[in-house]
>>> print(open('upload_32.cif').read())   # mmCIF, C-alpha atoms and all ligand atoms
data_query
#
loop_
_atom_site.label_atom_id
_atom_site.label_comp_id
_atom_site.auth_asym_id
_atom_site.auth_seq_id
_atom_site.Cartn_x
_atom_site.Cartn_y
_atom_site.Cartn_z
CA MET A 1 0.00 0.00 0.00
CA VAL A 2 1.30 3.46 -0.90
CA ARG A 3 1.73 5.64 2.18
CA LYS A 4 0.37 9.00 1.10
CA ALA A 5 0.40 12.26 3.06
CA VAL A 6 -1.09 15.69 2.40
CA TYR A 7 0.58 18.93 3.50
CA PRO A 8 -2.08 21.66 3.27
CA GLY A 9 -1.55 25.38 3.53
CA SER A 10 -2.13 28.65 1.75
CA PHE A 11 1.54 28.95 0.70
CA ASP A 12 1.20 32.65 -0.08
CA PRO A 13 4.08 32.33 -0.88
CA VAL A 14 6.06 29.16 -0.14
CA THR A 15 9.00 29.80 2.21
CA TYR A 16 12.12 27.86 3.20
CA GLY A 17 10.23 26.89 6.37
CA HIS A 18 7.61 25.07 4.28
CA LEU A 19 10.32 23.51 2.11
CA ASP A 20 12.12 22.18 5.18
CA ILE A 21 8.91 20.38 6.24
CA ILE A 22 8.27 19.13 2.69
CA LYS A 23 11.76 17.62 2.32
CA ARG A 24 11.61 15.88 5.68
CA VAL A 25 8.12 14.47 5.11
CA ALA A 26 9.07 13.27 1.63
CA ASN A 27 11.66 11.06 3.34
CA ILE A 28 9.01 9.48 5.55
CA TYR A 29 6.08 8.86 3.16
CA ASP A 30 5.96 7.26 -0.30
CA GLU A 31 3.99 10.16 -1.72
CA LEU A 32 3.43 13.70 -0.50
CA ILE A 33 0.81 16.02 -1.94
CA VAL A 34 1.38 19.68 -1.12
CA ALA A 35 -2.18 20.99 -1.33
CA ILE A 36 -2.87 24.68 -1.70
CA ALA A 37 -6.04 25.56 0.11
CA GLN A 38 -8.16 28.59 0.13
CA ASN A 39 -8.01 29.92 3.68
CA VAL A 40 -11.25 31.91 3.93
CA ALA A 41 -9.75 34.06 6.68
CA LYS A 42 -7.02 35.41 4.37
CA VAL A 43 -6.84 37.56 1.25
CA PRO A 44 -3.90 36.17 -0.73
CA LEU A 45 -1.25 38.34 -2.37
CA PHE A 46 -0.58 35.75 -5.06
CA THR A 47 -3.20 34.13 -7.28
CA LEU A 48 -3.72 30.39 -7.01
CA GLU A 49 -1.89 29.94 -10.33
CA GLU A 50 1.11 31.92 -9.07
CA ARG A 51 1.24 29.91 -5.83
CA ILE A 52 1.06 26.63 -7.76
CA GLU A 53 3.84 27.75 -10.10
CA MET A 54 6.14 28.82 -7.24
CA LEU A 55 5.55 25.60 -5.32
CA ARG A 56 6.00 23.35 -8.38
CA GLU A 57 9.27 25.08 -9.21
CA SER A 58 10.45 24.76 -5.58
CA VAL A 59 9.78 21.00 -5.31
CA LYS A 60 10.61 19.96 -8.87
CA ASP A 61 13.68 17.97 -7.79
CA ILE A 62 11.87 15.95 -5.13
CA LYS A 63 10.51 12.91 -6.94
CA ASN A 64 7.69 11.84 -4.62
CA VAL A 65 6.20 15.31 -4.09
CA CYS A 66 3.41 16.81 -6.18
CA VAL A 67 1.47 20.05 -5.93
CA ASP A 68 -2.30 20.29 -6.06
CA TYR A 69 -5.05 22.61 -4.80
CA PHE A 70 -8.51 22.31 -3.34
CA ASP A 71 -11.59 24.28 -2.39
CA GLY A 72 -13.72 23.50 0.60
CA LEU A 73 -12.91 21.12 3.41
CA LEU A 74 -9.52 19.49 3.77
CA VAL A 75 -11.14 16.19 4.81
CA ASP A 76 -13.17 16.06 1.58
CA TYR A 77 -9.95 16.58 -0.35
CA LEU A 78 -8.28 13.77 1.63
CA LYS A 79 -11.09 11.41 0.75
CA ARG A 80 -10.90 12.41 -2.92
CA VAL A 81 -7.18 11.63 -3.17
CA GLU A 82 -7.47 8.60 -0.86
CA ALA A 83 -5.08 9.93 1.79
CA LYS A 84 -5.45 9.72 5.55
CA ILE A 85 -2.41 11.59 6.80
CA ILE A 86 -2.33 15.37 7.27
CA VAL A 87 1.08 16.92 7.85
CA ARG A 88 1.51 20.16 9.73
CA GLY A 89 4.57 22.09 10.87
CA LEU A 90 4.74 23.42 14.42
CA ARG A 91 6.82 26.54 14.88
CA ALA A 92 6.09 27.69 18.40
CA VAL A 93 3.72 27.18 21.29
CA SER A 94 1.54 29.88 19.74
CA ASP A 95 0.80 27.53 16.80
CA PHE A 96 -0.37 24.80 19.11
CA GLU A 97 -3.88 25.95 20.01
CA TYR A 98 -4.90 26.55 16.41
CA GLU A 99 -3.34 23.27 15.27
CA PHE A 100 -4.97 21.39 18.12
CA GLN A 101 -8.42 22.73 17.13
CA GLN A 102 -7.88 21.98 13.45
CA ALA A 103 -6.65 18.44 14.13
CA LEU A 104 -9.64 17.70 16.37
CA ALA A 105 -12.11 19.21 13.91
CA ASN A 106 -10.63 17.22 11.05
CA LYS A 107 -10.71 14.04 13.14
CA LYS A 108 -14.36 14.66 14.02
CA LEU A 109 -15.22 15.11 10.35
CA TYR A 110 -13.10 12.18 9.15
CA PRO A 111 -12.26 9.77 11.99
CA GLU A 112 -9.86 7.71 9.86
CA CYS A 113 -7.52 10.67 9.31
CA GLU A 114 -4.49 11.43 11.45
CA THR A 115 -2.59 14.69 11.80
CA ILE A 116 1.19 14.37 12.07
CA PHE A 117 3.19 17.32 13.40
CA LEU A 118 6.78 18.07 12.56
CA VAL A 119 8.70 20.59 14.60
CA THR A 120 9.99 23.28 12.27
CA ASP A 121 13.74 23.74 12.00
CA SER A 122 14.74 26.37 14.57
CA LYS A 123 16.19 28.49 11.74
CA TYR A 124 12.63 29.05 10.52
CA ALA A 125 10.77 29.11 13.82
CA TYR A 126 9.97 32.80 13.45
CA LEU A 127 9.16 32.73 9.74
CA SER A 128 5.79 33.10 8.06
CA SER A 129 4.62 33.99 4.58
CA SER A 130 3.33 37.32 5.92
CA MET A 131 6.73 38.14 7.34
CA ALA A 132 8.44 37.46 4.00
CA LYS A 133 5.82 39.63 2.25
CA GLU A 134 6.23 42.50 4.69
CA ILE A 135 10.03 42.48 4.53
CA SER A 136 9.94 42.45 0.73
CA LYS A 137 7.26 45.14 0.60
CA PHE A 138 9.46 47.55 2.54
CA GLY A 139 12.57 46.77 0.53
CA GLY A 140 14.28 44.29 2.90
CA CYS A 141 16.25 41.25 1.81
CA VAL A 142 14.35 37.94 1.81
CA LYS A 143 17.04 35.74 0.29
CA ASP A 144 17.38 33.54 3.40
CA LEU A 145 13.62 33.23 3.79
CA VAL A 146 12.28 32.21 0.38
CA PRO A 147 13.66 30.62 -2.82
CA ASP A 148 15.20 33.10 -5.30
CA MET A 149 12.34 32.78 -7.74
CA VAL A 150 9.84 33.63 -4.97
CA ALA A 151 11.96 36.62 -3.92
CA LYS A 152 11.82 37.85 -7.53
CA LYS A 153 8.06 37.39 -7.69
CA LEU A 154 7.66 39.34 -4.45
CA TYR A 155 9.83 42.10 -5.83
CA MET A 156 7.75 42.24 -9.01
CA LYS A 157 4.48 42.36 -7.05
CA PHE A 158 5.52 45.28 -4.90
CA ARG A 159 7.66 47.21 -7.37
CA THR A 160 6.29 46.53 -10.87
CA GLU A 161 2.66 45.69 -10.20
CA ASN A 162 2.60 48.26 -7.39
CA VAL A 163 0.49 46.09 -5.08
CA LYS A 164 -0.07 47.79 -1.73
N1 LIG B 1 7.71 27.54 8.08
C1 LIG B 1 7.42 28.82 7.81
N2 LIG B 1 6.17 29.32 7.85
C2 LIG B 1 5.19 28.48 8.19
C3 LIG B 1 5.42 27.14 8.49
C4 LIG B 1 6.75 26.67 8.42
N3 LIG B 1 7.06 25.40 8.68
N4 LIG B 1 4.25 26.56 8.79
C5 LIG B 1 3.32 27.50 8.70
N5 LIG B 1 3.90 28.66 8.34
C6 LIG B 1 3.26 29.95 8.16
C7 LIG B 1 2.43 30.04 6.91
O1 LIG B 1 3.19 30.58 5.85
C8 LIG B 1 1.33 30.98 7.33
O2 LIG B 1 1.79 32.31 7.19
P1 LIG B 1 0.72 33.49 6.98
O3 LIG B 1 -0.26 33.40 8.11
O4 LIG B 1 1.56 34.67 7.03
O5 LIG B 1 0.09 33.21 5.65
C9 LIG B 1 1.16 30.73 8.81
O6 LIG B 1 2.34 30.11 9.22
C10 LIG B 1 0.01 29.85 9.14
O7 LIG B 1 0.15 28.69 8.37
P2 LIG B 1 -0.98 27.59 8.35
O8 LIG B 1 -1.42 27.32 9.73
O9 LIG B 1 -0.48 26.46 7.53
O10 LIG B 1 -2.16 28.34 7.68
P3 LIG B 1 -2.50 28.34 6.22
O11 LIG B 1 -3.39 29.48 5.94
O12 LIG B 1 -1.27 28.27 5.41
O13 LIG B 1 -3.32 26.95 6.07
C11 LIG B 1 -5.29 25.63 6.05
C12 LIG B 1 -4.48 26.67 6.80
C13 LIG B 1 -5.53 26.08 4.63
C14 LIG B 1 -4.54 24.31 6.03
C15 LIG B 1 -6.64 25.44 6.78
O14 LIG B 1 -7.25 26.70 6.84
C16 LIG B 1 -7.56 24.48 6.04
O15 LIG B 1 -7.40 23.27 6.17
N6 LIG B 1 -8.50 25.01 5.27
C17 LIG B 1 -9.48 24.20 4.53
C18 LIG B 1 -10.87 24.27 5.20
C19 LIG B 1 -10.92 23.27 6.30
O16 LIG B 1 -10.98 22.08 6.07
N7 LIG B 1 -10.86 23.77 7.54
C20 LIG B 1 -10.76 22.88 8.69
C21 LIG B 1 -12.07 22.46 9.19
S1 LIG B 1 -12.33 23.15 10.74
#
>>> encode(input="upload_32.cif", output="structure tokens", more="lines below")
Ligand code: COA
Amino acid sequence: MVRKAVYPGSFDPVTYGHLDIIKRVANIYDELIVAIAQNVAKVPLFTLEERIEMLRESVKDIKNVCVDYFDGLLVDYLKRVEAKIIVRGLRAVSDFEYEFQQALANKKLYPECETIFLVTDSKYAYLSSSMAKEISKFGGCVKDLVPDMVAKKLYMKFRTENVK
């Protein structure tokens, strides 16, 4: 049986923190789907197509990782792709309460699913997509936070497209 895991997130944009989790999980499971979700609580900077492109480019050398997207509930997506494992990264204690709620809600909706937590590399414990966006927006250097191609896309958004 293929051991398949799903790593969901809004990835707006993907950071080195996400990539650290992706690489480590890819070593544990036979197949990892990085699934871009619409988080209804957030207004994304990048379109879904842009987020897919950045993620695909970032994971292109990892053979057992693919990128997909979904609307609606994560558990419905899991059922559709026949996966039962949800992967989440834990950065700090502050992540715990939200993750705890999500894991319990997902378990209630789909009792066969399990949420697996990986502790984020301490180098990225402070990092978030919003932080990378804010630093780039105000002209700071994001080269240690996101892949080069993402840094360029951020630059283009804030400088060329003049997004506020
Ligand atoms: N390294 C660096 N940053 C990380 C990280 C890591 N390892 N892990 C998380 N982050 C960052 C993310 O970039 C994100 O930053 P942002 O808030 O600035 O965008 C932040 O931490 C929160 O990440 P996460 O908790 O993964 O939120 P998300 O918006 O990326 O994903 C969903 C949340 C999409 C997985 C969740 O809303 C969902 O499952 N939605 C579908 C609907 C559903 O089924 N809901 C559950 C039923 S109750």
>>> residues_around(input="upload_32.cif", residues="range 60-64 of chain A", least_positions_apart="3", cutoff="12 Å", atoms="only C-alpha atoms", output="list in words")
Val2, Arg3, Lys4, Ala5, Val6, Leu19, Ile22, Lys23, Arg24, Val25, Ala26, Asn27, Ile28, Tyr29, Asp30, Glu31, Leu32, Ile33, Val34, Ile52, Glu53, Met54, Leu55, Arg56, Glu57 and Val67 of chain A
>>> residues_around(input="upload_32.cif", residues="Ala103 in chain A", least_positions_apart="5", cutoff="9 Å", atoms="only C-alpha atoms", output="list in words")
Ile86, Tyr98, Lys108, Glu114 and Thr115 of chain A
>>> residues_near_point(input="upload_32.cif", point="(-5.9, 20.2, 2.1)", cutoff="10 Å", atoms="all atoms listed in the file", output="mmCIF file with C-alpha atoms, keeping the file's coordinate frame")
data_model
loop_
_atom_site.group_PDB
_atom_site.id
_atom_site.type_symbol
_atom_site.label_atom_id
_atom_site.label_comp_id
_atom_site.auth_asym_id
_atom_site.auth_seq_id
_atom_site.Cartn_x
_atom_site.Cartn_y
_atom_site.Cartn_z
ATOM 1 C CA VAL A 6 -1.090 15.690 2.400
ATOM 2 C CA TYR A 7 0.580 18.930 3.500
ATOM 3 C CA PRO A 8 -2.080 21.660 3.270
ATOM 4 C CA GLY A 9 -1.550 25.380 3.530
ATOM 5 C CA SER A 10 -2.130 28.650 1.750
ATOM 6 C CA ILE A 33 0.810 16.020 -1.940
ATOM 7 C CA VAL A 34 1.380 19.680 -1.120
ATOM 8 C CA ALA A 35 -2.180 20.990 -1.330
ATOM 9 C CA ILE A 36 -2.870 24.680 -1.700
ATOM 10 C CA ALA A 37 -6.040 25.560 0.110
ATOM 11 C CA GLN A 38 -8.160 28.590 0.130
ATOM 12 C CA ASP A 68 -2.300 20.290 -6.060
ATOM 13 C CA TYR A 69 -5.050 22.610 -4.800
ATOM 14 C CA PHE A 70 -8.510 22.310 -3.340
ATOM 15 C CA ASP A 71 -11.590 24.280 -2.390
ATOM 16 C CA GLY A 72 -13.720 23.500 0.600
ATOM 17 C CA LEU A 73 -12.910 21.120 3.410
ATOM 18 C CA LEU A 74 -9.520 19.490 3.770
ATOM 19 C CA VAL A 75 -11.140 16.190 4.810
ATOM 20 C CA ASP A 76 -13.170 16.060 1.580
ATOM 21 C CA TYR A 77 -9.950 16.580 -0.350
ATOM 22 C CA LEU A 78 -8.280 13.770 1.630
ATOM 23 C CA ILE A 86 -2.330 15.370 7.270
ATOM 24 C CA VAL A 87 1.080 16.920 7.850
#
>>> closest_residue(input="upload_32.cif", among="A:Met156, A:Asp95, A:Leu118, A:Leu145", to="Met131 in chain A", atoms="all atoms listed in the file")
A:Leu145
>>> atom_distance(input="upload_32.cif", atom1="atom S1 of ligand LIG 1 (chain B)", atom2="CA of Val150 in chain A")
29.1 Å
>>> atom_distance(input="upload_32.cif", atom1="atom P1 of ligand LIG 1 (chain B)", atom2="CA of Val65 in chain A")
22.0 Å
>>> axis_aligned_box(input="upload_32.cif", around="ligand LIG 1 (chain B)", padding_each_side="4 Å", output="lines of an AutoDock Vina configuration file")
center_x = -2.3
center_y = 28.4
center_z = 7.6
size_x = 28.0
size_y = 20.6
size_z = 14.2
>>> closest_residue(input="upload_32.cif", among="A:Glu99, A:Asp20, A:Glu82, A:Glu134", to="Leu45 in chain A", atoms="all atoms listed in the file")
A:Glu134
>>> residues_around(input="upload_32.cif", residues="range 14-18 of chain A", least_positions_apart="6", cutoff="7 Å", atoms="only C-alpha atoms", output="list in words")
Leu55, Thr120, Tyr124, Leu127, Ser129, Leu145, Val146 and Pro147 of chain A
>>> write_last_selection(input="upload_32.cif", atoms="C-alpha atoms", output="CSV table (one decimal), in the frame of the given file")
chain,number,residue,atom,x,y,z
A,55,LEU,CA,5.6,25.6,-5.3
A,120,THR,CA,10.0,23.3,12.3
A,124,TYR,CA,12.6,29.0,10.5
A,127,LEU,CA,9.2,32.7,9.7
A,129,SER,CA,4.6,34.0,4.6
A,145,LEU,CA,13.6,33.2,3.8
A,146,VAL,CA,12.3,32.2,0.4
A,147,PRO,CA,13.7,30.6,-2.8
>>> closest_residue(input="upload_32.cif", among="A:Asp144, A:Glu49, A:Glu97, A:Asp121", to="ligand LIG 1 (chain B)", atoms="all atoms listed in the file")
A:Asp121
